[in-house]
>>> print(open('target13.cif').read())   # mmCIF, C-alpha atoms
data_start
#
loop_
_atom_site.group_PDB
_atom_site.id
_atom_site.type_symbol
_atom_site.label_atom_id
_atom_site.label_comp_id
_atom_site.auth_asym_id
_atom_site.auth_seq_id
_atom_site.Cartn_x
_atom_site.Cartn_y
_atom_site.Cartn_z
ATOM 1 C CA LEU A 1 71.233 204.815 193.708
ATOM 2 C CA ASP A 2 71.028 207.136 190.700
ATOM 3 C CA ASP A 3 67.707 206.878 188.901
ATOM 4 C CA ASP A 4 69.305 205.774 185.631
ATOM 5 C CA ASP A 5 71.499 203.060 187.179
ATOM 6 C CA TYR A 6 70.443 199.781 188.733
ATOM 7 C CA TRP A 7 71.663 197.041 191.060
ATOM 8 C CA LEU A 8 71.773 193.372 190.236
ATOM 9 C CA GLU A 9 69.322 191.512 192.457
ATOM 10 C CA ASN A 10 72.024 190.214 194.825
ATOM 11 C CA HIS A 11 73.773 193.578 195.326
ATOM 12 C CA LEU A 12 72.449 194.363 198.808
ATOM 13 C CA GLU A 13 72.780 190.798 200.057
ATOM 14 C CA ILE A 14 76.423 190.551 199.008
ATOM 15 C CA SER A 15 77.252 194.065 200.263
ATOM 16 C CA VAL A 16 75.635 193.530 203.682
ATOM 17 C CA LYS A 17 77.380 190.184 204.220
ATOM 18 C CA THR A 18 80.725 191.644 203.148
ATOM 19 C CA LEU A 19 80.415 194.661 205.425
ATOM 20 C CA GLN A 20 79.140 192.705 208.436
ATOM 21 C CA GLY A 21 81.951 190.210 208.115
ATOM 22 C CA SER A 22 84.593 192.898 208.454
ATOM 23 C CA ASN A 23 85.550 195.885 210.586
ATOM 24 C CA ALA A 24 85.278 198.204 207.599
ATOM 25 C CA VAL A 25 83.126 201.335 207.550
ATOM 26 C CA LEU A 26 82.439 201.232 203.804
ATOM 27 C CA CYS A 27 81.843 198.484 201.279
ATOM 28 C CA TYR A 28 81.718 198.992 197.526
ATOM 29 C CA SER A 29 81.148 196.773 194.534
ATOM 30 C CA GLY A 30 82.481 196.619 191.026
ATOM 31 C CA VAL A 31 80.627 198.179 188.128
ATOM 32 C CA ASN A 32 79.459 197.268 184.649
ATOM 33 C CA VAL A 33 79.286 200.446 182.569
ATOM 34 C CA PHE A 34 76.750 200.293 179.753
ATOM 35 C CA GLU A 35 75.895 202.705 176.954
ATOM 36 C CA HIS A 36 72.519 204.322 177.527
ATOM 37 C CA VAL A 37 71.173 203.907 173.967
ATOM 38 C CA SER A 38 72.448 200.508 172.864
ATOM 39 C CA GLY A 39 72.647 198.919 176.317
ATOM 40 C CA ASN A 40 76.034 197.432 175.410
ATOM 41 C CA ILE A 41 78.556 197.010 178.213
ATOM 42 C CA VAL A 42 81.504 199.258 177.366
ATOM 43 C CA ARG A 43 83.631 198.703 180.454
ATOM 44 C CA THR A 44 83.791 196.458 183.510
ATOM 45 C CA MET A 45 85.468 197.809 186.623
ATOM 46 C CA LEU A 46 86.267 195.107 189.152
ATOM 47 C CA PRO A 47 87.371 196.398 192.566
ATOM 48 C CA ASP A 48 90.957 195.936 193.652
ATOM 49 C CA PRO A 49 90.940 194.373 197.161
ATOM 50 C CA LYS A 50 94.378 195.856 197.872
ATOM 51 C CA LYS A 51 93.184 199.464 197.681
ATOM 52 C CA ASP A 52 92.674 201.270 200.958
ATOM 53 C CA ALA A 53 91.821 204.724 202.314
ATOM 54 C CA LEU A 54 95.253 206.090 201.380
ATOM 55 C CA ASP A 55 94.781 204.969 197.776
ATOM 56 C CA LEU A 56 91.577 206.986 197.753
ATOM 57 C CA LEU A 57 93.676 210.138 198.140
ATOM 58 C CA ARG A 58 95.265 209.355 194.761
ATOM 59 C CA HIS A 59 92.066 208.866 192.773
ATOM 60 C CA ASN A 60 88.386 208.146 193.255
ATOM 61 C CA PHE A 61 87.873 204.454 192.496
ATOM 62 C CA ILE A 62 84.489 204.184 194.272
ATOM 63 C CA THR A 63 81.293 204.551 192.249
ATOM 64 C CA THR A 64 78.610 206.290 194.292
ATOM 65 C CA SER A 65 75.741 203.886 193.626
ATOM 66 C CA SER A 66 77.842 200.850 194.566
ATOM 67 C CA VAL A 67 78.376 201.852 198.200
ATOM 68 C CA LEU A 68 77.056 200.493 201.474
ATOM 69 C CA MET A 69 78.250 202.311 204.596
ATOM 70 C CA ASP A 70 78.223 201.606 208.301
ATOM 71 C CA LYS A 71 76.132 204.281 209.987
ATOM 72 C CA SER A 72 79.043 205.033 212.334
ATOM 73 C CA ALA A 73 80.806 206.631 209.375
ATOM 74 C CA ILE A 74 78.004 209.138 208.953
ATOM 75 C CA GLY A 75 77.662 211.831 211.568
ATOM 76 C CA SER A 76 78.887 215.327 211.090
ATOM 77 C CA VAL A 77 80.290 214.507 207.650
ATOM 78 C CA TYR A 78 78.488 215.734 204.580
ATOM 79 C CA PHE A 79 78.627 216.171 200.825
ATOM 80 C CA ASP A 80 79.891 219.507 199.583
ATOM 81 C CA GLU A 81 76.529 220.496 198.127
ATOM 82 C CA GLU A 82 77.904 223.639 196.519
ATOM 83 C CA ALA A 83 80.327 221.645 194.380
ATOM 84 C CA SER A 84 79.245 220.762 190.855
ATOM 85 C CA PHE A 85 81.412 217.632 190.792
ATOM 86 C CA GLY A 86 83.978 215.827 192.910
ATOM 87 C CA GLU A 87 81.711 215.959 195.960
ATOM 88 C CA ASP A 88 81.463 212.163 196.074
ATOM 89 C CA TRP A 89 85.257 211.804 196.182
ATOM 90 C CA THR A 90 85.695 214.312 198.995
ATOM 91 C CA PHE A 91 82.798 212.710 200.892
ATOM 92 C CA TRP A 92 84.392 209.251 200.791
ATOM 93 C CA ILE A 93 87.660 210.676 202.096
ATOM 94 C CA ILE A 94 86.157 212.505 205.068
ATOM 95 C CA ALA A 95 83.582 209.808 205.909
ATOM 96 C CA ILE A 96 86.143 207.002 205.862
ATOM 97 C CA ASN A 97 88.641 209.172 207.745
ATOM 98 C CA PHE A 98 91.515 206.732 207.131
ATOM 99 C CA ARG A 99 89.541 203.751 208.426
ATOM 100 C CA LYS A 100 89.160 200.414 206.677
ATOM 101 C CA ILE A 101 87.236 199.963 203.438
ATOM 102 C CA ILE A 102 86.392 196.708 201.706
ATOM 103 C CA SER A 103 85.124 195.607 198.319
ATOM 104 C CA THR A 104 82.741 192.793 197.446
ATOM 105 C CA GLY A 105 85.190 191.515 194.870
ATOM 106 C CA THR A 106 82.522 191.358 192.186
ATOM 107 C CA TYR A 107 80.314 193.690 190.167
ATOM 108 C CA THR A 108 76.677 194.154 191.133
ATOM 109 C CA LEU A 109 76.042 197.682 189.842
ATOM 110 C CA MET A 110 75.001 198.547 186.310
ATOM 111 C CA TYR A 111 76.090 202.103 185.577
ATOM 112 C CA ARG A 112 74.629 203.972 182.615
ATOM 113 C CA THR A 113 76.990 206.228 180.657
ATOM 114 C CA HIS A 114 75.843 209.075 178.438
ATOM 115 C CA THR A 115 77.524 210.576 175.392
ATOM 116 C CA THR A 116 76.372 214.046 176.492
ATOM 117 C CA GLY A 117 76.449 215.812 179.816
ATOM 118 C CA ASN A 118 79.830 214.495 180.835
ATOM 119 C CA LEU A 119 82.534 216.347 182.715
ATOM 120 C CA MET A 120 84.400 217.745 179.745
ATOM 121 C CA ASN A 121 81.266 219.363 178.365
ATOM 122 C CA GLN A 122 81.531 221.817 181.225
ATOM 123 C CA LYS A 123 83.645 224.911 180.849
ATOM 124 C CA ILE A 124 87.261 224.170 181.626
ATOM 125 C CA THR A 125 87.437 227.231 183.875
ATOM 126 C CA GLN A 126 84.643 225.781 186.000
ATOM 127 C CA ILE A 127 86.361 222.402 186.113
ATOM 128 C CA GLU A 128 89.548 224.076 187.300
ATOM 129 C CA LYS A 129 87.679 226.050 189.955
ATOM 130 C CA GLU A 130 85.866 222.988 191.276
ATOM 131 C CA ARG A 131 88.952 220.792 191.461
ATOM 132 C CA LEU A 132 90.796 223.435 193.456
ATOM 133 C CA ARG A 133 87.705 223.759 195.641
ATOM 134 C CA ASN A 134 88.037 220.046 196.456
ATOM 135 C CA ILE A 135 91.450 220.785 197.963
ATOM 136 C CA ASP A 136 90.064 223.576 200.150
ATOM 137 C CA PHE A 137 87.150 221.411 201.290
ATOM 138 C CA ILE A 138 89.377 218.516 202.357
ATOM 139 C CA ASN A 139 91.960 220.785 203.999
ATOM 140 C CA THR A 140 89.257 222.541 206.015
ATOM 141 C CA PHE A 141 87.758 219.271 207.273
ATOM 142 C CA PHE A 142 91.097 217.722 208.251
ATOM 143 C CA LYS A 143 92.589 220.886 209.771
ATOM 144 C CA GLY A 144 94.791 219.795 212.663
ATOM 145 C CA ASN A 145 94.573 216.099 211.737
ATOM 146 C CA GLU A 146 98.095 214.733 212.110
ATOM 147 C CA LEU A 147 97.502 211.681 209.936
ATOM 148 C CA TYR A 148 96.204 213.812 207.079
ATOM 149 C CA LYS A 149 99.225 216.111 207.405
ATOM 150 C CA LYS A 150 101.405 213.105 206.578
ATOM 151 C CA HIS A 151 99.494 212.425 203.375
ATOM 152 C CA ILE A 152 98.187 215.835 202.297
ATOM 153 C CA ASN A 153 100.692 215.991 199.439
ATOM 154 C CA THR A 154 99.185 212.863 197.891
ATOM 155 C CA PHE A 155 95.725 214.404 197.527
ATOM 156 C CA ILE A 156 96.846 217.832 196.306
ATOM 157 C CA GLN A 157 99.258 216.321 193.817
ATOM 158 C CA SER A 158 96.460 214.099 192.505
ATOM 159 C CA ILE A 159 94.285 217.155 191.901
ATOM 160 C CA TYR A 160 97.097 218.951 190.047
ATOM 161 C CA LEU A 161 97.726 215.908 187.865
ATOM 162 C CA GLN A 162 94.039 215.575 187.091
ATOM 163 C CA LEU A 163 93.901 219.242 186.115
ATOM 164 C CA SER A 164 96.877 218.712 183.858
ATOM 165 C CA ARG A 165 95.029 215.835 182.167
ATOM 166 C CA ASP A 166 91.846 217.920 181.909
ATOM 167 C CA PHE A 167 93.697 220.631 179.995
ATOM 168 C CA LEU A 168 95.455 218.061 177.828
ATOM 169 C CA ASN A 169 92.073 216.654 176.820
ATOM 170 C CA ILE A 170 91.287 219.970 175.135
ATOM 171 C CA LYS A 171 94.851 220.520 173.857
ATOM 172 C CA MET A 172 95.657 223.394 176.256
ATOM 173 C CA THR A 173 99.254 222.326 176.745
ATOM 174 C CA ASP A 174 100.430 225.515 178.484
ATOM 175 C CA LYS A 175 97.885 225.093 181.274
ATOM 176 C CA ALA A 176 98.646 221.379 181.452
ATOM 177 C CA MET A 177 102.321 222.229 181.888
ATOM 178 C CA HIS A 178 101.414 224.801 184.553
ATOM 179 C CA TYR A 179 99.917 222.154 186.845
ATOM 180 C CA PHE A 180 102.625 219.667 185.993
ATOM 181 C CA LEU A 181 105.223 222.211 187.130
ATOM 182 C CA ARG A 182 103.229 222.971 190.274
ATOM 183 C CA CYS A 183 103.619 219.304 191.222
ATOM 184 C CA ILE A 184 107.379 219.533 190.720
ATOM 185 C CA LYS A 185 107.683 222.833 192.582
ATOM 186 C CA ASP A 186 105.393 222.070 195.530
ATOM 187 C CA PHE A 187 106.274 218.395 195.958
ATOM 188 C CA PRO A 188 109.761 217.814 194.526
ATOM 189 C CA VAL A 189 110.566 214.648 196.470
ATOM 190 C CA SER A 190 107.285 212.762 196.032
ATOM 191 C CA SER A 191 107.063 213.882 192.401
ATOM 192 C CA PHE A 192 110.313 212.104 191.624
ATOM 193 C CA PHE A 193 108.744 208.771 192.642
ATOM 194 C CA ASN A 194 105.326 209.403 191.106
ATOM 195 C CA SER A 195 105.033 207.380 187.888
ATOM 196 C CA ARG A 196 101.772 209.151 186.973
ATOM 197 C CA LEU A 197 103.714 212.391 186.697
ATOM 198 C CA TYR A 198 105.956 210.931 184.007
ATOM 199 C CA PHE A 199 102.949 209.713 182.010
ATOM 200 C CA VAL A 200 101.465 213.213 182.118
ATOM 201 C CA LEU A 201 104.759 214.691 180.934
ATOM 202 C CA LEU A 202 104.837 212.238 178.023
ATOM 203 C CA ARG A 203 101.303 213.265 177.084
ATOM 204 C CA ILE A 204 102.247 216.932 177.192
ATOM 205 C CA VAL A 205 105.251 216.361 174.933
ATOM 206 C CA LYS A 206 103.221 214.192 172.565
ATOM 207 C CA THR A 207 100.374 216.727 172.374
ATOM 208 C CA LYS A 208 102.762 219.627 171.783
ATOM 209 C CA TRP A 209 104.453 217.669 168.996
ATOM 210 C CA GLN A 210 101.114 216.806 167.379
ATOM 211 C CA LEU A 211 99.960 220.427 167.485
ATOM 212 C CA ALA A 212 103.267 221.626 166.033
ATOM 213 C CA PHE A 213 103.131 219.026 163.293
ATOM 214 C CA LYS A 214 99.616 220.123 162.269
ATOM 215 C CA LYS A 215 100.881 223.669 161.765
#
>>> encode(input="target13.cif", output="structure tokens")
Amino acid sequence: LDDDDYWLENHLEISVKTLQGSNAVLCYSGVNVFEHVSGNIVRTMLPDPKKDALDLLRHNFITTSSVLMDKSAIGSVYFDEEASFGEDWTFWIIAINFRKIISTGTYTLMYRTHTTGNLMNQKITQIEKERLRNIDFINTFFKGNELYKKHINTFIQSIYLQLSRDFLNIKMTDKAMHYFLRCIKDFPVSSFFNSRLYFVLLRIVKTKWQLAFKK
């Protein structure tokens, strides 16, 4: 539990009962995100019970402080301590190792958000480096894993799409297009059926048009 977040008083009770009543290795709750100065709730994230370990390859929907894990899921797995971000996402993937996860179906974590110190305040070059590092970390852990080989494209494509969005957030459309095209080039078949790819393309076109219009 991060020192600036807190659990509702029934968090552990609900999480323990949910985990013990299943064959899952990880249980997570929903989150109320509140602004650190005003205390106002700015977003509520209820967990989707349909999401599983394969969905986790597409994006990180688990908030660190909301998690309760079975000790069997923790052995030789570890956080990538040299990473400056993304280490929680890669940890969930390797710890779960394609086993079952479960949600409590409610929110019992209060997560504090800050207007400073967020991801995009870091240098974009460092963000790019760290996201690509996430790929190397996961590939190294799952080397020789046949199940991961079947789904490796999902994770790598998700990283490329996130990088494209990162660059779009600071109006670097050429770099955004670079990672968009890497998705098309490296994963032509799965890209065709990936709706997120089309949304990124629309954002690129829209951003390019806005920048051209300002000139």
>>> axis_aligned_box(input="target13.cif", around="segment 39-48 of chain A", padding_each_side="6 Å", output="JSON")
{"center_x": 81.8, "center_y": 197.2, "center_z": 184.5, "size_x": 30.3, "size_y": 16.2, "size_z": 30.2}
>>> closest_residue(input="target13.cif", among="A:Ser164, A:Thr44, A:Asn169, A:Thr108", to="Leu181 of chain A", atoms="only C-alpha atoms")
A:Ser164
>>> atom_distance(input="target13.cif", atom1="atom CA of Asp166 of chain A", atom2="atom CA of Arg133 of chain A")
15.5 Å
>>> closest_residue(input="target13.cif", among="A:Leu163, A:Val200, A:Val205, A:Ala73", to="Ile127 of chain A", atoms="only C-alpha atoms")
A:Leu163
>>> resolve_selection(input="target13.cif", expression="the PyMOL selection byres ((chain A and resi 2) around 12)", output="list in words")
Leu1, Asp3, Asp4, Asp5, Tyr6, Trp7, Thr63, Thr64, Ser65, Ser66, Val67, Leu109, Met110, Tyr111, Arg112 and Thr113 of chain A
>>> residues_around(input="target13.cif", residues="Ile204 of chain A", least_positions_apart="2", cutoff="12 Å", atoms="all atoms listed in the file", output="ChimeraX atom specification")
/A:161,164-181,197-202,206-211
>>> write_last_selection(input="target13.cif", atoms="C-alpha atoms", output="PDB file, in the coordinates of the input")
ATOM      1  CA  LEU A 161      97.726 215.908 187.865  1.00  0.00           C
ATOM      2  CA  SER A 164      96.877 218.712 183.858  1.00  0.00           C
ATOM      3  CA  ARG A 165      95.029 215.835 182.167  1.00  0.00           C
ATOM      4  CA  ASP A 166      91.846 217.920 181.909  1.00  0.00           C
ATOM      5  CA  PHE A 167      93.697 220.631 179.995  1.00  0.00           C
ATOM      6  CA  LEU A 168      95.455 218.061 177.828  1.00  0.00           C
ATOM      7  CA  ASN A 169      92.073 216.654 176.820  1.00  0.00           C
ATOM      8  CA  ILE A 170      91.287 219.970 175.135  1.00  0.00           C
ATOM      9  CA  LYS A 171      94.851 220.520 173.857  1.00  0.00           C
ATOM     10  CA  MET A 172      95.657 223.394 176.256  1.00  0.00           C
ATOM     11  CA  THR A 173      99.254 222.326 176.745  1.00  0.00           C
ATOM     12  CA  ASP A 174     100.430 225.515 178.484  1.00  0.00           C
ATOM     13  CA  LYS A 175      97.885 225.093 181.274  1.00  0.00           C
ATOM     14  CA  ALA A 176      98.646 221.379 181.452  1.00  0.00           C
ATOM     15  CA  MET A 177     102.321 222.229 181.888  1.00  0.00           C
ATOM     16  CA  HIS A 178     101.414 224.801 184.553  1.00  0.00           C
ATOM     17  CA  TYR A 179      99.917 222.154 186.845  1.00  0.00           C
ATOM     18  CA  PHE A 180     102.625 219.667 185.993  1.00  0.00           C
ATOM     19  CA  LEU A 181     105.223 222.211 187.130  1.00  0.00           C
ATOM     20  CA  LEU A 197     103.714 212.391 186.697  1.00  0.00           C
ATOM     21  CA  TYR A 198     105.956 210.931 184.007  1.00  0.00           C
ATOM     22  CA  PHE A 199     102.949 209.713 182.010  1.00  0.00           C
ATOM     23  CA  VAL A 200     101.465 213.213 182.118  1.00  0.00           C
ATOM     24  CA  LEU A 201     104.759 214.691 180.934  1.00  0.00           C
ATOM     25  CA  LEU A 202     104.837 212.238 178.023  1.00  0.00           C
ATOM     26  CA  LYS A 206     103.221 214.192 172.565  1.00  0.00           C
ATOM     27  CA  THR A 207     100.374 216.727 172.374  1.00  0.00           C
ATOM     28  CA  LYS A 208     102.762 219.627 171.783  1.00  0.00           C
ATOM     29  CA  TRP A 209     104.453 217.669 168.996  1.00  0.00           C
ATOM     30  CA  GLN A 210     101.114 216.806 167.379  1.00  0.00           C
ATOM     31  CA  LEU A 211      99.960 220.427 167.485  1.00  0.00           C
TER      32      LEU A 211
END
>>> closest_residue(input="target13.cif", among="A:Ser29, A:Asn139, A:Gln157, A:Ser72", to="Pro47 of chain A", atoms="only C-alpha atoms")
A:Ser29
>>> residues_around(input="target13.cif", residues="His151 of chain A", least_positions_apart="5", cutoff="10 Å", atoms="only C-alpha atoms", output="PyMOL selection string")
chain A and resi 54+57+146+156
>>> atom_distance(input="target13.cif", atom1="atom CA of Ile14 of chain A", atom2="atom CA of Thr104 of chain A")
6.9 Å
>>> resolve_selection(input="target13.cif", expression="the PyMOL selection byres ((chain A and resi 98) around 7)", output="PyMOL selection string")
chain A and resi 53-54+96-97+99-100
>>> residues_around(input="target13.cif", residues="Gly86 of chain A", least_positions_apart="6", cutoff="12 Å", atoms="only C-alpha atoms", output="mmCIF file with C-alpha atoms, in the coordinates of the input")
data_model
loop_
_atom_site.group_PDB
_atom_site.id
_atom_site.type_symbol
_atom_site.label_atom_id
_atom_site.label_comp_id
_atom_site.auth_asym_id
_atom_site.auth_seq_id
_atom_site.Cartn_x
_atom_site.Cartn_y
_atom_site.Cartn_z
ATOM 1 C CA HIS A 59 92.066 208.866 192.773
ATOM 2 C CA ASN A 60 88.386 208.146 193.255
ATOM 3 C CA ILE A 62 84.489 204.184 194.272
ATOM 4 C CA THR A 63 81.293 204.551 192.249
ATOM 5 C CA THR A 64 78.610 206.290 194.292
ATOM 6 C CA PHE A 79 78.627 216.171 200.825
ATOM 7 C CA ASP A 80 79.891 219.507 199.583
ATOM 8 C CA TRP A 92 84.392 209.251 200.791
ATOM 9 C CA ILE A 93 87.660 210.676 202.096
ATOM 10 C CA LEU A 119 82.534 216.347 182.715
ATOM 11 C CA ILE A 127 86.361 222.402 186.113
ATOM 12 C CA GLU A 128 89.548 224.076 187.300
ATOM 13 C CA LYS A 129 87.679 226.050 189.955
ATOM 14 C CA GLU A 130 85.866 222.988 191.276
ATOM 15 C CA ARG A 131 88.952 220.792 191.461
ATOM 16 C CA LEU A 132 90.796 223.435 193.456
ATOM 17 C CA ARG A 133 87.705 223.759 195.641
ATOM 18 C CA ASN A 134 88.037 220.046 196.456
ATOM 19 C CA ILE A 135 91.450 220.785 197.963
ATOM 20 C CA PHE A 137 87.150 221.411 201.290
ATOM 21 C CA ILE A 138 89.377 218.516 202.357
ATOM 22 C CA ILE A 159 94.285 217.155 191.901
ATOM 23 C CA GLN A 162 94.039 215.575 187.091
#
>>> atom_distance(input="target13.cif", atom1="atom CA of Phe142 of chain A", atom2="atom CA of Cys27 of chain A")
22.5 Å
>>> residues_around(input="target13.cif", residues="Val25 of chain A", least_positions_apart="6", cutoff="6 Å", atoms="only C-alpha atoms", output="VMD selection string")
chain A and resid 69 to 70 101
>>> residues_around(input="target13.cif", residues="Phe141 of chain A", least_positions_apart="5", cutoff="9 Å", atoms="only C-alpha atoms", output="number ranges by chain")
A: 77, 94, 136
>>> closest_residue(input="target13.cif", among="A:Tyr107, A:Ala83, A:Lys50, A:Trp89", to="Asn32 of chain A", atoms="all atoms listed in the file")
A:Tyr107
>>> closest_residue(input="target13.cif", among="A:Val189, A:Ile102, A:Ala212, A:Ile124", to="Ala24 of chain A", atoms="all atoms listed in the file")
A:Ile102
>>> closest_residue(input="target13.cif", among="A:Val16, A:Thr140, A:Ile74, A:Thr154", to="Leu56 of chain A", atoms="only C-alpha atoms")
A:Thr154
>>> decode(input="target13.cif", residues="segment 59-68 of chain A", atoms="all heavy atoms", output="PDB file, in the first residue's frame")
ATOM      1  N   HIS A  59      -3.220  -4.241 -21.607  1.00  0.00           N
ATOM      2  CA  HIS A  59      -3.023  -3.029 -20.808  1.00  0.00           C
ATOM      3  C   HIS A  59      -3.069  -3.399 -19.332  1.00  0.00           C
ATOM      4  O   HIS A  59      -3.633  -4.433 -18.941  1.00  0.00           O
ATOM      5  CB  HIS A  59      -4.080  -1.967 -21.130  1.00  0.00           C
ATOM      6  CG  HIS A  59      -5.468  -2.333 -20.693  1.00  0.00           C
ATOM      7  ND1 HIS A  59      -6.073  -1.791 -19.594  1.00  0.00           N
ATOM      8  CD2 HIS A  59      -6.360  -3.199 -21.216  1.00  0.00           C
ATOM      9  CE1 HIS A  59      -7.276  -2.293 -19.451  1.00  0.00           C
ATOM     10  NE2 HIS A  59      -7.478  -3.151 -20.431  1.00  0.00           N
ATOM     11  N   ASN A  60      -2.469  -2.549 -18.518  1.00  0.00           N
ATOM     12  CA  ASN A  60      -2.418  -2.799 -17.084  1.00  0.00           C
ATOM     13  C   ASN A  60      -3.659  -2.205 -16.420  1.00  0.00           C
ATOM     14  O   ASN A  60      -3.761  -0.994 -16.244  1.00  0.00           O
ATOM     15  CB  ASN A  60      -1.151  -2.187 -16.480  1.00  0.00           C
ATOM     16  CG  ASN A  60      -1.006  -2.497 -15.006  1.00  0.00           C
ATOM     17  OD1 ASN A  60      -1.689  -3.373 -14.482  1.00  0.00           O
ATOM     18  ND2 ASN A  60      -0.137  -1.777 -14.335  1.00  0.00           N
ATOM     19  N   PHE A  61      -4.599  -3.052 -16.043  1.00  0.00           N
ATOM     20  CA  PHE A  61      -5.833  -2.592 -15.420  1.00  0.00           C
ATOM     21  C   PHE A  61      -5.837  -2.859 -13.908  1.00  0.00           C
ATOM     22  O   PHE A  61      -6.870  -2.691 -13.242  1.00  0.00           O
ATOM     23  CB  PHE A  61      -7.056  -3.255 -16.070  1.00  0.00           C
ATOM     24  CG  PHE A  61      -6.973  -4.761 -16.161  1.00  0.00           C
ATOM     25  CD1 PHE A  61      -7.324  -5.555 -15.088  1.00  0.00           C
ATOM     26  CD2 PHE A  61      -6.533  -5.365 -17.329  1.00  0.00           C
ATOM     27  CE1 PHE A  61      -7.258  -6.937 -15.169  1.00  0.00           C
ATOM     28  CE2 PHE A  61      -6.450  -6.746 -17.428  1.00  0.00           C
ATOM     29  CZ  PHE A  61      -6.818  -7.540 -16.342  1.00  0.00           C
ATOM     30  N   ILE A  62      -4.693  -3.277 -13.361  1.00  0.00           N
ATOM     31  CA  ILE A  62      -4.600  -3.591 -11.933  1.00  0.00           C
ATOM     32  C   ILE A  62      -3.814  -2.498 -11.221  1.00  0.00           C
ATOM     33  O   ILE A  62      -2.671  -2.205 -11.586  1.00  0.00           O
ATOM     34  CB  ILE A  62      -3.917  -4.953 -11.721  1.00  0.00           C
ATOM     35  CG1 ILE A  62      -4.750  -6.073 -12.353  1.00  0.00           C
ATOM     36  CG2 ILE A  62      -3.712  -5.216 -10.233  1.00  0.00           C
ATOM     37  CD1 ILE A  62      -4.106  -7.441 -12.273  1.00  0.00           C
ATOM     38  N   THR A  63      -4.411  -1.887 -10.222  1.00  0.00           N
ATOM     39  CA  THR A  63      -3.740  -0.878  -9.415  1.00  0.00           C
ATOM     40  C   THR A  63      -2.970  -1.566  -8.290  1.00  0.00           C
ATOM     41  O   THR A  63      -3.532  -2.400  -7.561  1.00  0.00           O
ATOM     42  CB  THR A  63      -4.749   0.115  -8.816  1.00  0.00           C
ATOM     43  OG1 THR A  63      -5.520   0.683  -9.878  1.00  0.00           O
ATOM     44  CG2 THR A  63      -4.042   1.221  -8.060  1.00  0.00           C
ATOM     45  N   THR A  64      -1.716  -1.224  -8.144  1.00  0.00           N
ATOM     46  CA  THR A  64      -0.816  -1.944  -7.245  1.00  0.00           C
ATOM     47  C   THR A  64      -1.385  -2.100  -5.835  1.00  0.00           C
ATOM     48  O   THR A  64      -1.408  -3.199  -5.280  1.00  0.00           O
ATOM     49  CB  THR A  64       0.539  -1.223  -7.165  1.00  0.00           C
ATOM     50  OG1 THR A  64       1.066  -1.076  -8.478  1.00  0.00           O
ATOM     51  CG2 THR A  64       1.524  -2.006  -6.326  1.00  0.00           C
ATOM     52  N   SER A  65      -1.859  -1.037  -5.244  1.00  0.00           N
ATOM     53  CA  SER A  65      -2.287  -1.082  -3.847  1.00  0.00           C
ATOM     54  C   SER A  65      -3.586  -1.842  -3.632  1.00  0.00           C
ATOM     55  O   SER A  65      -4.008  -2.039  -2.485  1.00  0.00           O
ATOM     56  CB  SER A  65      -2.435   0.342  -3.307  1.00  0.00           C
ATOM     57  OG  SER A  65      -1.193   1.012  -3.303  1.00  0.00           O
ATOM     58  N   SER A  66      -4.232  -2.279  -4.705  1.00  0.00           N
ATOM     59  CA  SER A  66      -5.514  -2.972  -4.573  1.00  0.00           C
ATOM     60  C   SER A  66      -5.357  -4.489  -4.501  1.00  0.00           C
ATOM     61  O   SER A  66      -6.335  -5.202  -4.305  1.00  0.00           O
ATOM     62  CB  SER A  66      -6.415  -2.636  -5.775  1.00  0.00           C
ATOM     63  OG  SER A  66      -5.981  -3.327  -6.946  1.00  0.00           O
ATOM     64  N   VAL A  67      -4.133  -4.982  -4.611  1.00  0.00           N
ATOM     65  CA  VAL A  67      -3.897  -6.406  -4.874  1.00  0.00           C
ATOM     66  C   VAL A  67      -3.718  -7.231  -3.605  1.00  0.00           C
ATOM     67  O   VAL A  67      -3.090  -6.808  -2.635  1.00  0.00           O
ATOM     68  CB  VAL A  67      -2.657  -6.564  -5.776  1.00  0.00           C
ATOM     69  CG1 VAL A  67      -2.197  -8.014  -5.843  1.00  0.00           C
ATOM     70  CG2 VAL A  67      -2.964  -6.044  -7.171  1.00  0.00           C
ATOM     71  N   LEU A  68      -4.264  -8.433  -3.650  1.00  0.00           N
ATOM     72  CA  LEU A  68      -3.957  -9.489  -2.684  1.00  0.00           C
ATOM     73  C   LEU A  68      -3.568 -10.718  -3.491  1.00  0.00           C
ATOM     74  O   LEU A  68      -4.288 -11.104  -4.413  1.00  0.00           O
ATOM     75  CB  LEU A  68      -5.162  -9.800  -1.790  1.00  0.00           C
ATOM     76  CG  LEU A  68      -4.926 -10.827  -0.678  1.00  0.00           C
ATOM     77  CD1 LEU A  68      -4.014 -10.251   0.402  1.00  0.00           C
ATOM     78  CD2 LEU A  68      -6.261 -11.264  -0.050  1.00  0.00           C
TER      79      LEU A  68
END
